[in-house]
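S.K.: Let me give you the structure first, and then I'll get to my questions.
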Amino acid sequence: MAQIVGAIATSHIPAIGKAIAEKRQNDPYWKPFFDGYAAAHAWLKQARPDVVVMIYNDHGLNFFLDKMPTFAVGAAAQYRSEDEGWGLPVLNSFPGDAALSWHVIEHLVADEFDVVSCQDMAVDHGFTVPMNLMFPDAGGQWPVKTLPVSINTVQHPLPSPARCWKLGRAIGRAIESYPKDLRVVVFGTGGLSHQLDGTRAGFINKKFDLYCLDTIVRDPEALTKLSVIDLVREAGAQGVEFLNWIAMRGALLGNVSQVHRNYHIPISNTAGATLVLENRTAAQSQAA
Amino acid sequence: MAQIVGAIATSHIPAIGKAIAEKRQNDPYWKPFFDGYAAAHAWLKQARPDVVVMIYNDHGLNFFLDKMPTFAVGAAAQYRSEDEGWGLPVLNSFPGDAALSWHVIEHLVADEFDVVSCQDMAVDHGFTVPMNLMFPDAGGQWPVKTLPVSINTVQHPLPSPARCWKLGRAIGRAIESYPKDLRVVVFGTGGLSHQLDGTRAGFINKKFDLYCLDTIVRDPEALTKLSVIDLVREAGAQGVEFLNWIAMRGALLGNVSQVHRNYHIPISNTAGATLVLENRTAAQSQAA
Amino acid sequence: MQHHDIPGTTVFDGEQAQKGYALNAMCYSFNAAANRDEFKRDEDAYCTKYGLNEEQRTAIRERNVLKLLAAGGNVYYLAKFAGILNLNVQDIGAQQTGMSVDAFKEKLAAAGR
Amino acid sequence: MQHHDIPGTTVFDGEQAQKGYALNAMCYSFNAAANRDEFKRDEDAYCTKYGLNEEQRTAIRERNVLKLLAAGGNVYYLAKFAGILNLNVQDIGAQQTGMSVDAFKEKLAAAGR
Ligand SMILES: [Fe+3]
Ligand SMILES: [Fe+3]
């Protein structure tokens, strides 16, 4: 059966993609940030995922206001990287696993999640930057299959933290019921606190971010008591991306332990953060 | 407060639209069918709706497999009629009520329905044929505002009858909480039994249709025990459109009585049917 | 994907969808009159534009609905292809069931009695 | 729609969306380089093509982010307009808060200590 061996949460700021494209990882501004990923790379090497379930938010590449999903799940053979308006280099397409996608979609709909299925899908920096960060030696050939899940952060009303948590739980159950021996890592991307628009642009809330980093490991359901407006208030208008982290954490159905954590202010306008979590289910513990 | 005064369920077959466009309502084939709408027209006259909530299924005009919603809710100022591939005359746009749409969307998301919001939307025969049937004297100026709700019947997995019933309940609650004195009628369109594809093309199941027509009035929750596959088996591959009727019925939160019923085989490949229901809530009974 | 034993019926699930995406995308394009005209001018080039595979091209060329379904076509999009050929749902129903159109219509009428 | 008293923040809800659809549609088109080039060649014509109202046109002409937001713009689409102008998020942050870019960057850094 497929197993979720762990999860990685990471910021996905476009400026990171730009720095990678311009090979600036060793610039003084960037070095402390990129160095923070060494522990994640080491963990990924031993985790050996076959599939990455990528929970992120489209920022206006694949979806527009004419048809704005709450939850969208990719079901394509591959996912395209495209120009998002800033002329950054486009990356190689990301392989999908359509059979797994449809298995997940069937389970989510059966669990009463009213998803949008996407058989042709472009994935933006919310997806591509974390892939670039976590697989820096990919050299054009992504070493995993991917399964995108995009959560609406663009057009309020957004799904609540509680709803996103439940989505994560359902994704976890769906993966664990898949009858192929796949090793799966769930990514949750975006955040942490930031705000780009309004006179509160530049808002960062370190105190709340640290609370989120602590709580998401040891008491994630406490986060489901927050409303979307709480997130806007405390984490900034774009800090609502923390919904992706909540869904990611929900997918870990076993015993969860923290492998690594990093917090770095600022990356662009954002409080940058990374979290690596291990998930040990009963099945995995028996096999060990 | 807005009130749902009743509901109309009706088939929406394109051939009806063609017959209307070609002014064939009095042909021998069509006369018995169109005559059956007189009672619905009479009821609508006294119901005087300000808004029609149109629960239907897009058949491949507004949505494609690249982004296939489970539930989509219109939020535009107006909705366009467009060519669906058969060159039928396009109708005048249908006015929307964006404020009401957003109120409904906010409530649905708060009730954990993961809807797609649509700020620019073309509506196909599932929407336009019932409008044409129910407002034959519109003369180009639709006399009501409209709020489209499209349910996926194209790409399995489809939402279950139980899920569609719950959607209807939530729509009913959302409408009844709207602080403007609007008179609302809910339309549920499509069906009844039919199958267009495969060697079972032409399948019609009168017995099951009559069961549906009886049960949807007096014991609608019995229908929530059916699976989508039950509907495919009993009502035909396209008979799954009955999901729209189930959602319509779910929106009627008060005491429901049948005003009119008609059943007519065949219209094109389909068992044509119409149902007019009155909804009396506590508020309405007090006002009477 | 579950397989359901419903006679003469293929449920359009993920498995079917994966087979037929190119074919369905082409037929979805037939909403627009300009696209229908372009197809009519050169069917082969239009099929190439949409990347149809050999099985799908053959089914299109043969106007064979059962073959189009087997190649992953979804009837809602195939109906727009049928529209180009001026075929209605009784025509395609008759074709799929191997009946004459009159016999097919009589079967429908009989279901009502 | 509920109004939330979050300082310096407008929640992009249905009310904002209704104001800004044309503006957001135009900015969404800037994903494609060909559209960005067309806009650069004749901004006025491009705004007309998308049906922007006077308030939105003025805000575009003035490159004023707060005015664009007030006219119903959503920052995710406005970011693509900013990209045409080679402005990054610190540039637009500085503009909206009335600071110099250096002061804005310092404010961000200070939030980390
Ligand atoms: Fe982001
Ligand atoms: Fe239909």
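Each chain in the structure tokens gets a letter, A, B and so on, in the order shown; residues start at 1 in every chain, and ligands are counted from 1 in the order they appear.
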Chain A residues within 7 Å of chain D, counting only C-alpha atoms: which ones, as a ChimeraX atom specification?

M.R.: /A:59-61,83-86,155-157,196-202,204,206,233,265-266,269

S.K.: Can you pull out every residue with an atom within 10 Å of ligand 2? Use only C-alpha atoms and all ligand atoms and format it as a PyMOL selection string.

M.R.: (chain B and resi 11-14+56-59+124-127+153+189-192+194+238-242+270) or (chain C and resi 76)

S.K.: Selection from above, C-alpha atoms, as a PDB file, in the first residue's frame, can you write it?

M.R.:
ATOM      1  CA  SER B  11     -36.535  18.379 -18.620  1.00  0.00           C
ATOM      2  CA  HIS B  12     -34.198  20.597 -20.635  1.00  0.00           C
ATOM      3  CA  ILE B  13     -33.626  18.652 -23.846  1.00  0.00           C
ATOM      4  CA  PRO B  14     -32.019  20.667 -26.682  1.00  0.00           C
ATOM      5  CA  TYR B  56     -28.724  22.315 -13.787  1.00  0.00           C
ATOM      6  CA  ASN B  57     -25.713  20.600 -15.376  1.00  0.00           C
ATOM      7  CA  ASP B  58     -23.378  22.127 -17.930  1.00  0.00           C
ATOM      8  CA  HIS B  59     -23.002  19.705 -20.871  1.00  0.00           C
ATOM      9  CA  ASP B 124     -26.141  26.008 -21.865  1.00  0.00           C
ATOM     10  CA  HIS B 125     -29.431  24.355 -22.742  1.00  0.00           C
ATOM     11  CA  GLY B 126     -29.688  22.912 -19.237  1.00  0.00           C
ATOM     12  CA  PHE B 127     -30.379  26.507 -18.147  1.00  0.00           C
ATOM     13  CA  THR B 153     -22.685  15.087 -14.549  1.00  0.00           C
ATOM     14  CA  THR B 189     -33.517  20.676 -14.612  1.00  0.00           C
ATOM     15  CA  GLY B 190     -32.717  17.659 -16.741  1.00  0.00           C
ATOM     16  CA  GLY B 191     -33.871  14.098 -16.831  1.00  0.00           C
ATOM     17  CA  LEU B 192     -35.789  12.055 -16.477  1.00  0.00           C
ATOM     18  CA  HIS B 194     -32.345   8.607 -20.697  1.00  0.00           C
ATOM     19  CA  GLN B 238     -27.584  10.741 -18.568  1.00  0.00           C
ATOM     20  CA  GLY B 239     -30.403  10.090 -16.111  1.00  0.00           C
ATOM     21  CA  VAL B 240     -27.890  11.149 -13.471  1.00  0.00           C
ATOM     22  CA  GLU B 241     -29.253  14.643 -14.138  1.00  0.00           C
ATOM     23  CA  PHE B 242     -31.820  13.680 -11.501  1.00  0.00           C
ATOM     24  CA  THR B 270     -35.733  11.188 -22.993  1.00  0.00           C
TER      25      THR B 270
ATOM     26  CA  TYR C  76     -21.349  15.297 -24.223  1.00  0.00           C
TER      27      TYR C  76
END

S.K.: Leaving out stretch 25-34 of chain A and any residue of its chain fewer than 5 positions from it, which residues lie within 10 Å of it when counting only C-alpha atoms, given as a VMD selection string?

M.R.: chain A and resid 16 19 to 20 133 262 to 267 272 to 274

S.K.: Could you please take those selected residues and save all heavy atoms as a CSV table (one decimal), in the first residue's frame?

M.R.:
chain,number,residue,atom,x,y,z
A,16,ILE,N,12.7,33.5,-4.8
A,16,ILE,CA,13.6,32.4,-4.6
A,16,ILE,C,13.9,31.8,-6.0
A,16,ILE,O,15.1,31.4,-6.3
A,16,ILE,CB,13.0,31.3,-3.7
A,16,ILE,CG1,12.7,31.8,-2.3
A,16,ILE,CG2,13.9,30.0,-3.7
A,16,ILE,CD1,11.9,30.9,-1.5
A,19,ALA,N,16.3,33.9,-7.8
A,19,ALA,CA,17.7,33.7,-7.3
A,19,ALA,C,18.3,32.4,-7.8
A,19,ALA,O,19.5,32.4,-8.2
A,19,ALA,CB,17.6,33.7,-5.7
A,20,ILE,N,17.5,31.4,-7.9
A,20,ILE,CA,18.0,30.1,-8.4
A,20,ILE,C,18.3,30.2,-9.9
A,20,ILE,O,19.4,29.8,-10.3
A,20,ILE,CB,17.0,28.9,-8.2
A,20,ILE,CG1,16.8,28.6,-6.7
A,20,ILE,CG2,17.4,27.7,-8.9
A,20,ILE,CD1,15.7,27.7,-6.3
A,133,LEU,N,13.6,24.0,-5.0
A,133,LEU,CA,14.3,24.1,-3.7
A,133,LEU,C,14.7,22.7,-3.2
A,133,LEU,O,15.8,22.5,-2.6
A,133,LEU,CB,13.5,24.8,-2.7
A,133,LEU,CG,13.5,26.3,-2.6
A,133,LEU,CD1,12.4,26.8,-1.7
A,133,LEU,CD2,14.9,26.7,-2.0
A,262,ASN,N,13.3,25.6,10.2
A,262,ASN,CA,14.0,26.8,9.9
A,262,ASN,C,13.1,28.0,9.8
A,262,ASN,O,12.0,27.9,9.2
A,262,ASN,CB,14.9,26.7,8.6
A,262,ASN,CG,16.0,27.7,8.5
A,262,ASN,OD1,16.5,28.2,9.5
A,262,ASN,ND2,16.3,28.1,7.3
A,263,TYR,N,13.5,29.2,10.2
A,263,TYR,CA,12.7,30.4,10.2
A,263,TYR,C,13.6,31.5,9.8
A,263,TYR,O,14.6,31.7,10.5
A,263,TYR,CB,12.0,30.6,11.5
A,263,TYR,CG,11.0,31.8,11.5
A,263,TYR,CD1,9.8,31.7,10.7
A,263,TYR,CD2,11.2,32.9,12.2
A,263,TYR,CE1,8.9,32.8,10.7
A,263,TYR,CE2,10.3,34.0,12.2
A,263,TYR,CZ,9.1,33.9,11.4
A,263,TYR,OH,8.2,34.9,11.4
A,264,HIS,N,13.3,32.3,8.8
A,264,HIS,CA,14.2,33.3,8.3
A,264,HIS,C,13.5,34.5,7.8
A,264,HIS,O,12.7,34.4,6.9
A,264,HIS,CB,15.0,32.6,7.1
A,264,HIS,CG,16.0,33.5,6.5
A,264,HIS,ND1,17.4,33.4,6.8
A,264,HIS,CD2,16.0,34.5,5.6
A,264,HIS,CE1,18.1,34.3,6.1
A,264,HIS,NE2,17.2,35.0,5.4
A,265,ILE,N,13.7,35.7,8.4
A,265,ILE,CA,13.1,36.9,8.0
A,265,ILE,C,14.1,37.9,7.5
A,265,ILE,O,15.2,38.1,8.1
A,265,ILE,CB,12.4,37.6,9.2
A,265,ILE,CG1,11.2,36.8,9.7
A,265,ILE,CG2,11.9,39.0,8.9
A,265,ILE,CD1,10.4,37.5,10.8
A,266,PRO,N,13.9,38.6,6.4
A,266,PRO,CA,12.8,38.4,5.5
A,266,PRO,C,13.4,37.7,4.2
A,266,PRO,O,14.6,37.8,3.9
A,266,PRO,CB,12.4,39.8,5.1
A,266,PRO,CG,13.6,40.6,5.1
A,266,PRO,CD,14.6,39.9,6.1
A,267,ILE,N,12.5,37.0,3.5
A,267,ILE,CA,12.8,36.7,2.2
A,267,ILE,C,11.8,37.4,1.3
A,267,ILE,O,10.6,37.2,1.4
A,267,ILE,CB,12.7,35.2,1.9
A,267,ILE,CG1,13.8,34.4,2.6
A,267,ILE,CG2,12.8,34.9,0.4
A,267,ILE,CD1,15.2,34.8,2.2
A,272,GLY,N,10.2,33.7,5.8
A,272,GLY,CA,10.5,32.4,5.1
A,272,GLY,C,10.6,31.3,6.2
A,272,GLY,O,11.2,31.5,7.3
A,273,ALA,N,10.1,30.1,5.9
A,273,ALA,CA,10.1,29.1,6.9
A,273,ALA,C,10.1,27.7,6.1
A,273,ALA,O,9.7,27.6,5.0
A,273,ALA,CB,8.9,29.1,7.8
A,274,THR,N,10.7,26.7,6.8
A,274,THR,CA,10.8,25.4,6.3
A,274,THR,C,10.5,24.5,7.5
A,274,THR,O,11.0,24.7,8.6
A,274,THR,CB,12.1,25.0,5.8
A,274,THR,OG1,12.5,26.1,4.9
A,274,THR,CG2,12.1,23.7,5.0

S.K.: Distance limit 6 Å, atoms considered: only C-alpha atoms. Which chain B residues sit that close to chain A? Return them as an MDAnalysis selection string.

M.R.: chainID B and resid 65:70 106 114:120 157

S.K.: Could you save those same residues with all heavy atoms as a compact mmCIF listing (two decimals), in the first residue's frame?

M.R.:
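Full text of again_35.txt as output:
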# COMPACT_ATOMS: atom_id res chain seq x y z
N LEU B 65 -12.88 19.41 -19.29
CA LEU B 65 -12.21 18.45 -18.42
C LEU B 65 -10.93 19.02 -17.82
O LEU B 65 -10.39 18.44 -16.88
CB LEU B 65 -11.88 17.18 -19.22
CG LEU B 65 -13.07 16.50 -19.88
CD1 LEU B 65 -12.60 15.31 -20.72
CD2 LEU B 65 -14.09 16.03 -18.85
N ASP B 66 -10.44 20.14 -18.36
CA ASP B 66 -9.22 20.71 -17.79
C ASP B 66 -9.49 21.30 -16.41
O ASP B 66 -8.57 21.38 -15.59
CB ASP B 66 -8.61 21.75 -18.74
CG ASP B 66 -9.52 22.93 -19.00
OD1 ASP B 66 -10.75 22.79 -18.85
OD2 ASP B 66 -9.01 24.00 -19.37
N LYS B 67 -10.71 21.73 -16.18
CA LYS B 67 -11.08 22.33 -14.88
C LYS B 67 -12.54 21.97 -14.65
O LYS B 67 -13.43 22.78 -14.91
CB LYS B 67 -10.94 23.85 -14.91
CG LYS B 67 -9.56 24.37 -15.25
CD LYS B 67 -9.57 25.91 -15.29
CE LYS B 67 -8.21 26.51 -15.58
NZ LYS B 67 -7.77 26.36 -16.96
N MET B 68 -12.80 20.77 -14.19
CA MET B 68 -14.17 20.27 -14.08
C MET B 68 -14.67 20.40 -12.65
O MET B 68 -14.22 19.67 -11.77
CB MET B 68 -14.22 18.82 -14.54
CG MET B 68 -15.60 18.19 -14.51
SD MET B 68 -16.85 19.08 -15.48
CE MET B 68 -16.15 18.94 -17.12
N PRO B 69 -15.59 21.34 -12.40
CA PRO B 69 -16.10 21.53 -11.04
C PRO B 69 -17.06 20.43 -10.64
O PRO B 69 -17.71 19.81 -11.48
CB PRO B 69 -16.88 22.85 -11.12
CG PRO B 69 -16.61 23.42 -12.47
CD PRO B 69 -16.18 22.30 -13.35
N THR B 70 -17.18 20.21 -9.34
CA THR B 70 -18.25 19.39 -8.81
C THR B 70 -19.52 20.25 -8.68
O THR B 70 -20.57 19.90 -9.19
CB THR B 70 -17.85 18.78 -7.45
OG1 THR B 70 -16.75 17.90 -7.66
CG2 THR B 70 -19.00 18.01 -6.83
N GLU B 106 -20.88 32.72 0.06
CA GLU B 106 -20.32 32.84 1.42
C GLU B 106 -20.92 31.77 2.34
O GLU B 106 -20.22 31.13 3.12
CB GLU B 106 -20.61 34.24 2.00
CG GLU B 106 -19.83 35.37 1.36
CD GLU B 106 -18.48 35.65 2.02
OE1 GLU B 106 -18.19 35.09 3.10
OE2 GLU B 106 -17.70 36.43 1.44
N ASP B 114 -17.39 23.04 -1.19
CA ASP B 114 -16.16 23.57 -1.81
C ASP B 114 -16.48 24.01 -3.24
O ASP B 114 -16.04 23.40 -4.21
CB ASP B 114 -15.08 22.48 -1.79
CG ASP B 114 -15.04 21.75 -0.45
OD1 ASP B 114 -14.89 22.44 0.58
OD2 ASP B 114 -15.20 20.51 -0.44
N VAL B 115 -17.24 25.10 -3.35
CA VAL B 115 -17.78 25.49 -4.63
C VAL B 115 -16.76 26.19 -5.51
O VAL B 115 -15.73 26.67 -5.04
CB VAL B 115 -19.03 26.40 -4.46
CG1 VAL B 115 -20.11 25.65 -3.69
CG2 VAL B 115 -18.67 27.71 -3.78
N VAL B 116 -17.07 26.23 -6.78
CA VAL B 116 -16.36 27.06 -7.75
C VAL B 116 -17.21 28.30 -7.97
O VAL B 116 -18.40 28.20 -8.24
CB VAL B 116 -16.19 26.31 -9.09
CG1 VAL B 116 -15.59 27.23 -10.15
CG2 VAL B 116 -15.32 25.08 -8.89
N SER B 117 -16.63 29.48 -7.81
CA SER B 117 -17.38 30.71 -8.07
C SER B 117 -17.07 31.16 -9.51
O SER B 117 -15.93 31.06 -9.96
CB SER B 117 -17.01 31.81 -7.08
OG SER B 117 -15.64 32.11 -7.12
N CYS B 118 -18.10 31.62 -10.21
CA CYS B 118 -17.96 31.93 -11.64
C CYS B 118 -18.42 33.35 -11.92
O CYS B 118 -19.62 33.63 -11.97
CB CYS B 118 -18.79 30.95 -12.47
SG CYS B 118 -18.28 29.24 -12.28
N GLN B 119 -17.46 34.25 -12.13
CA GLN B 119 -17.80 35.66 -12.35
C GLN B 119 -18.00 35.99 -13.83
O GLN B 119 -18.32 37.12 -14.17
CB GLN B 119 -16.71 36.55 -11.74
CG GLN B 119 -16.59 36.34 -10.23
CD GLN B 119 -15.56 37.20 -9.58
OE1 GLN B 119 -15.39 38.37 -9.92
NE2 GLN B 119 -14.82 36.64 -8.62
N ASP B 120 -17.82 34.98 -14.68
CA ASP B 120 -18.08 35.15 -16.10
C ASP B 120 -18.48 33.76 -16.57
O ASP B 120 -17.70 32.82 -16.42
CB ASP B 120 -16.82 35.63 -16.83
CG ASP B 120 -17.07 35.96 -18.29
OD1 ASP B 120 -18.25 36.12 -18.68
OD2 ASP B 120 -16.09 36.07 -19.05
N PRO B 157 -15.75 10.84 -10.80
CA PRO B 157 -16.86 10.66 -9.86
C PRO B 157 -17.77 11.89 -9.72
O PRO B 157 -17.29 13.01 -9.60
CB PRO B 157 -16.15 10.41 -8.52
CG PRO B 157 -14.86 11.12 -8.64
CD PRO B 157 -14.46 11.04 -10.09

S.K.: Would you compute the distance between atom CA of C:Asp91 and atom CA of B:Gly36? Give it in Å to one decimal.

M.R.: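 Result for atom CA of C:Asp91 versus atom CA of B:Gly36: 26.7 Å, one decimal.
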
S.K.: Write out as a ChimeraX atom specification the set of residues from stretch 75-123 of chain A that DSSP, computed on the backbone, places in strand (DSSP E or B).

M.R.: /A:78-81,94-96,116-118,122-123

S.K.: Okay, now the selection with C-alpha atoms, as a compact mmCIF listing (two decimals), in the first residue's frame?

M.R.:
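In the end it all went to again.txt:
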# COMPACT_ATOMS: atom_id res chain seq x y z
CA GLN A 78 2.34 15.97 -16.52
CA TYR A 79 2.08 19.55 -15.27
CA ARG A 80 3.40 22.55 -17.16
CA SER A 81 5.50 25.36 -15.82
CA PHE A 94 6.59 17.80 -13.82
CA PRO A 95 5.51 14.17 -14.27
CA GLY A 96 2.12 13.26 -12.83
CA VAL A 116 -12.33 20.39 -9.27
CA SER A 117 -10.48 17.77 -11.33
CA CYS A 118 -7.82 19.15 -13.69
CA ALA A 122 -0.17 24.73 -15.43
CA VAL A 123 1.51 24.97 -12.05

S.K.: Within 9 Å of B:Gly6, counting only C-alpha atoms, which residues qualify if same-chain residues fewer than 5 places away don't, as number ranges by chain?

M.R.: B: 47, 184-187, 252, 256, 276-280

S.K.: Generate a file of the selected residues that holds N, CA and C atoms, formatted as a short mmCIF file (atom, residue, chain, number, x, y, z; two decimals), in the first residue's frame.

M.R.:
data_model
loop_
_atom_site.label_atom_id
_atom_site.label_comp_id
_atom_site.auth_asym_id
_atom_site.auth_seq_id
_atom_site.Cartn_x
_atom_site.Cartn_y
_atom_site.Cartn_z
N ALA B 47 -46.91 33.04 -8.48
CA ALA B 47 -45.74 32.98 -7.60
C ALA B 47 -44.88 34.23 -7.71
N VAL B 184 -38.28 33.87 -4.42
CA VAL B 184 -37.34 33.02 -5.15
C VAL B 184 -38.02 31.71 -5.53
N VAL B 185 -37.81 31.29 -6.76
CA VAL B 185 -38.22 29.94 -7.18
C VAL B 185 -36.97 29.19 -7.58
N VAL B 186 -36.87 27.95 -7.13
CA VAL B 186 -35.72 27.11 -7.48
C VAL B 186 -36.11 26.20 -8.64
N PHE B 187 -35.31 26.18 -9.67
CA PHE B 187 -35.52 25.25 -10.79
C PHE B 187 -34.49 24.13 -10.65
N LEU B 252 -36.00 23.24 -0.57
CA LEU B 252 -37.33 23.59 -0.05
C LEU B 252 -37.40 23.14 1.40
N VAL B 256 -43.90 21.09 1.80
CA VAL B 256 -43.90 21.05 0.35
C VAL B 256 -45.12 20.31 -0.18
N VAL B 276 -44.20 20.85 -10.40
CA VAL B 276 -44.29 22.16 -9.77
C VAL B 276 -44.61 21.95 -8.30
N LEU B 277 -43.78 22.51 -7.46
CA LEU B 277 -43.93 22.33 -6.01
C LEU B 277 -44.07 23.67 -5.31
N GLU B 278 -44.89 23.69 -4.30
CA GLU B 278 -45.03 24.89 -3.48
C GLU B 278 -44.30 24.64 -2.17
N ASN B 279 -43.68 25.69 -1.65
CA ASN B 279 -42.94 25.61 -0.39
C ASN B 279 -43.54 26.60 0.59
N ARG B 280 -44.03 26.07 1.72
CA ARG B 280 -44.60 26.99 2.71
C ARG B 280 -43.78 26.90 3.98
#

S.K.: Can you list, as a list of chain:residue names, every protein, DNA or RNA residue that comes within 12 Å of D:Lys49 when you count only C-alpha atoms, leaving out same-chain residues fewer than 5 positions away?

M.R.: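 Everything that qualifies: D:Ala22, D:Leu23, D:Ala25, D:Met26, D:Ser29, D:Asn35, D:Glu38, D:Phe39, D:Asp42, D:Glu43, D:Asp44, D:Arg57.
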
S.K.: Those same residues, written as a PDB file, in the first residue's frame with N, CA, C and O atoms?

M.R.:
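The new file result20.pdb reads:
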ATOM      1  N   ALA D  22     -13.005  43.617 -14.755  1.00  0.00           N
ATOM      2  CA  ALA D  22     -12.332  43.985 -16.014  1.00  0.00           C
ATOM      3  C   ALA D  22     -10.848  44.237 -15.785  1.00  0.00           C
ATOM      4  O   ALA D  22      -9.990  43.793 -16.570  1.00  0.00           O
ATOM      5  N   LEU D  23     -10.528  44.938 -14.727  1.00  0.00           N
ATOM      6  CA  LEU D  23      -9.132  45.234 -14.400  1.00  0.00           C
ATOM      7  C   LEU D  23      -8.365  43.944 -14.122  1.00  0.00           C
ATOM      8  O   LEU D  23      -7.249  43.749 -14.618  1.00  0.00           O
ATOM      9  N   ALA D  25      -9.150  40.923 -15.123  1.00  0.00           N
ATOM     10  CA  ALA D  25      -9.048  40.136 -16.356  1.00  0.00           C
ATOM     11  C   ALA D  25      -7.896  40.645 -17.214  1.00  0.00           C
ATOM     12  O   ALA D  25      -7.138  39.858 -17.796  1.00  0.00           O
ATOM     13  N   MET D  26      -7.760  41.958 -17.291  1.00  0.00           N
ATOM     14  CA  MET D  26      -6.658  42.519 -18.067  1.00  0.00           C
ATOM     15  C   MET D  26      -5.311  42.093 -17.483  1.00  0.00           C
ATOM     16  O   MET D  26      -4.424  41.640 -18.198  1.00  0.00           O
ATOM     17  N   SER D  29      -4.295  38.595 -18.131  1.00  0.00           N
ATOM     18  CA  SER D  29      -3.802  38.368 -19.501  1.00  0.00           C
ATOM     19  C   SER D  29      -2.302  38.591 -19.590  1.00  0.00           C
ATOM     20  O   SER D  29      -1.662  38.125 -20.547  1.00  0.00           O
ATOM     21  N   ASN D  35       0.827  39.353 -24.789  1.00  0.00           N
ATOM     22  CA  ASN D  35      -0.132  40.339 -24.267  1.00  0.00           C
ATOM     23  C   ASN D  35       0.585  41.493 -23.581  1.00  0.00           C
ATOM     24  O   ASN D  35       0.175  42.655 -23.709  1.00  0.00           O
ATOM     25  N   GLU D  38       1.746  43.731 -26.281  1.00  0.00           N
ATOM     26  CA  GLU D  38       0.636  44.502 -26.879  1.00  0.00           C
ATOM     27  C   GLU D  38       0.257  45.672 -25.977  1.00  0.00           C
ATOM     28  O   GLU D  38       0.007  46.795 -26.440  1.00  0.00           O
ATOM     29  N   PHE D  39       0.232  45.410 -24.672  1.00  0.00           N
ATOM     30  CA  PHE D  39      -0.091  46.478 -23.712  1.00  0.00           C
ATOM     31  C   PHE D  39       0.959  47.587 -23.795  1.00  0.00           C
ATOM     32  O   PHE D  39       0.635  48.775 -23.811  1.00  0.00           O
ATOM     33  N   ASP D  42       0.485  49.964 -26.782  1.00  0.00           N
ATOM     34  CA  ASP D  42      -0.607  50.946 -26.717  1.00  0.00           C
ATOM     35  C   ASP D  42      -1.467  50.623 -25.511  1.00  0.00           C
ATOM     36  O   ASP D  42      -2.426  49.844 -25.599  1.00  0.00           O
ATOM     37  N   GLU D  43      -1.119  51.250 -24.382  1.00  0.00           N
ATOM     38  CA  GLU D  43      -1.805  50.958 -23.127  1.00  0.00           C
ATOM     39  C   GLU D  43      -3.280  51.314 -23.197  1.00  0.00           C
ATOM     40  O   GLU D  43      -4.143  50.567 -22.711  1.00  0.00           O
ATOM     41  N   ASP D  44      -3.569  52.450 -23.788  1.00  0.00           N
ATOM     42  CA  ASP D  44      -4.948  52.919 -23.819  1.00  0.00           C
ATOM     43  C   ASP D  44      -5.845  51.945 -24.584  1.00  0.00           C
ATOM     44  O   ASP D  44      -6.938  51.611 -24.143  1.00  0.00           O
ATOM     45  N   ARG D  57      -8.612  52.969 -15.358  1.00  0.00           N
ATOM     46  CA  ARG D  57      -7.661  53.492 -16.348  1.00  0.00           C
ATOM     47  C   ARG D  57      -6.706  54.498 -15.718  1.00  0.00           C
ATOM     48  O   ARG D  57      -5.511  54.488 -15.987  1.00  0.00           O
TER      49      ARG D  57
END

S.K.: In Å to one decimal, how far is atom CA of A:Leu231 from atom CA of A:Tyr211?

M.R.: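 Between these atoms lies a distance of 12.3 Å.
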
S.K.: Step one, run DSSP on the backbone; step two, keep only residues of stretch 65-105 of chain C assigned to alpha helix (DSSP H); then write them as a tab-separated table (two decimals) with C-alpha atoms, in the first residue's frame.

M.R.:
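The resulting result-v3.tsv:
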chain	number	residue	atom	x	y	z
C	65	VAL	CA	-19.85	6.43	-32.14
C	66	LEU	CA	-19.12	3.15	-30.37
C	67	LYS	CA	-15.51	3.35	-31.54
C	68	LEU	CA	-15.31	6.98	-30.42
C	69	LEU	CA	-16.53	5.97	-26.96
C	70	ALA	CA	-14.06	3.08	-26.82
C	75	VAL	CA	-20.80	11.66	-25.23
C	76	TYR	CA	-21.35	15.30	-24.22
C	77	TYR	CA	-18.43	16.37	-26.44
C	78	LEU	CA	-19.14	13.76	-29.13
C	79	ALA	CA	-22.60	15.31	-29.45
C	80	LYS	CA	-20.94	18.43	-30.83
C	81	PHE	CA	-19.14	16.34	-33.43
C	82	ALA	CA	-22.47	14.75	-34.30
C	83	GLY	CA	-23.85	18.26	-34.75
C	84	ILE	CA	-21.30	18.96	-37.49
C	89	VAL	CA	-29.32	11.80	-30.76
C	90	GLN	CA	-31.76	9.40	-32.41
C	91	ASP	CA	-29.38	9.03	-35.35
C	92	ILE	CA	-26.47	8.17	-33.09
C	93	GLY	CA	-28.69	6.01	-30.91
C	94	ALA	CA	-29.76	4.02	-33.94
C	95	GLN	CA	-26.17	3.64	-35.08
C	96	GLN	CA	-24.97	2.37	-31.71
C	97	THR	CA	-27.82	-0.11	-31.33
C	101	VAL	CA	-33.84	5.30	-36.94
C	102	ASP	CA	-37.54	4.44	-37.17
C	103	ALA	CA	-37.07	1.27	-35.15
C	104	PHE	CA	-35.08	3.21	-32.57
C	105	LYS	CA	-37.83	5.83	-32.28
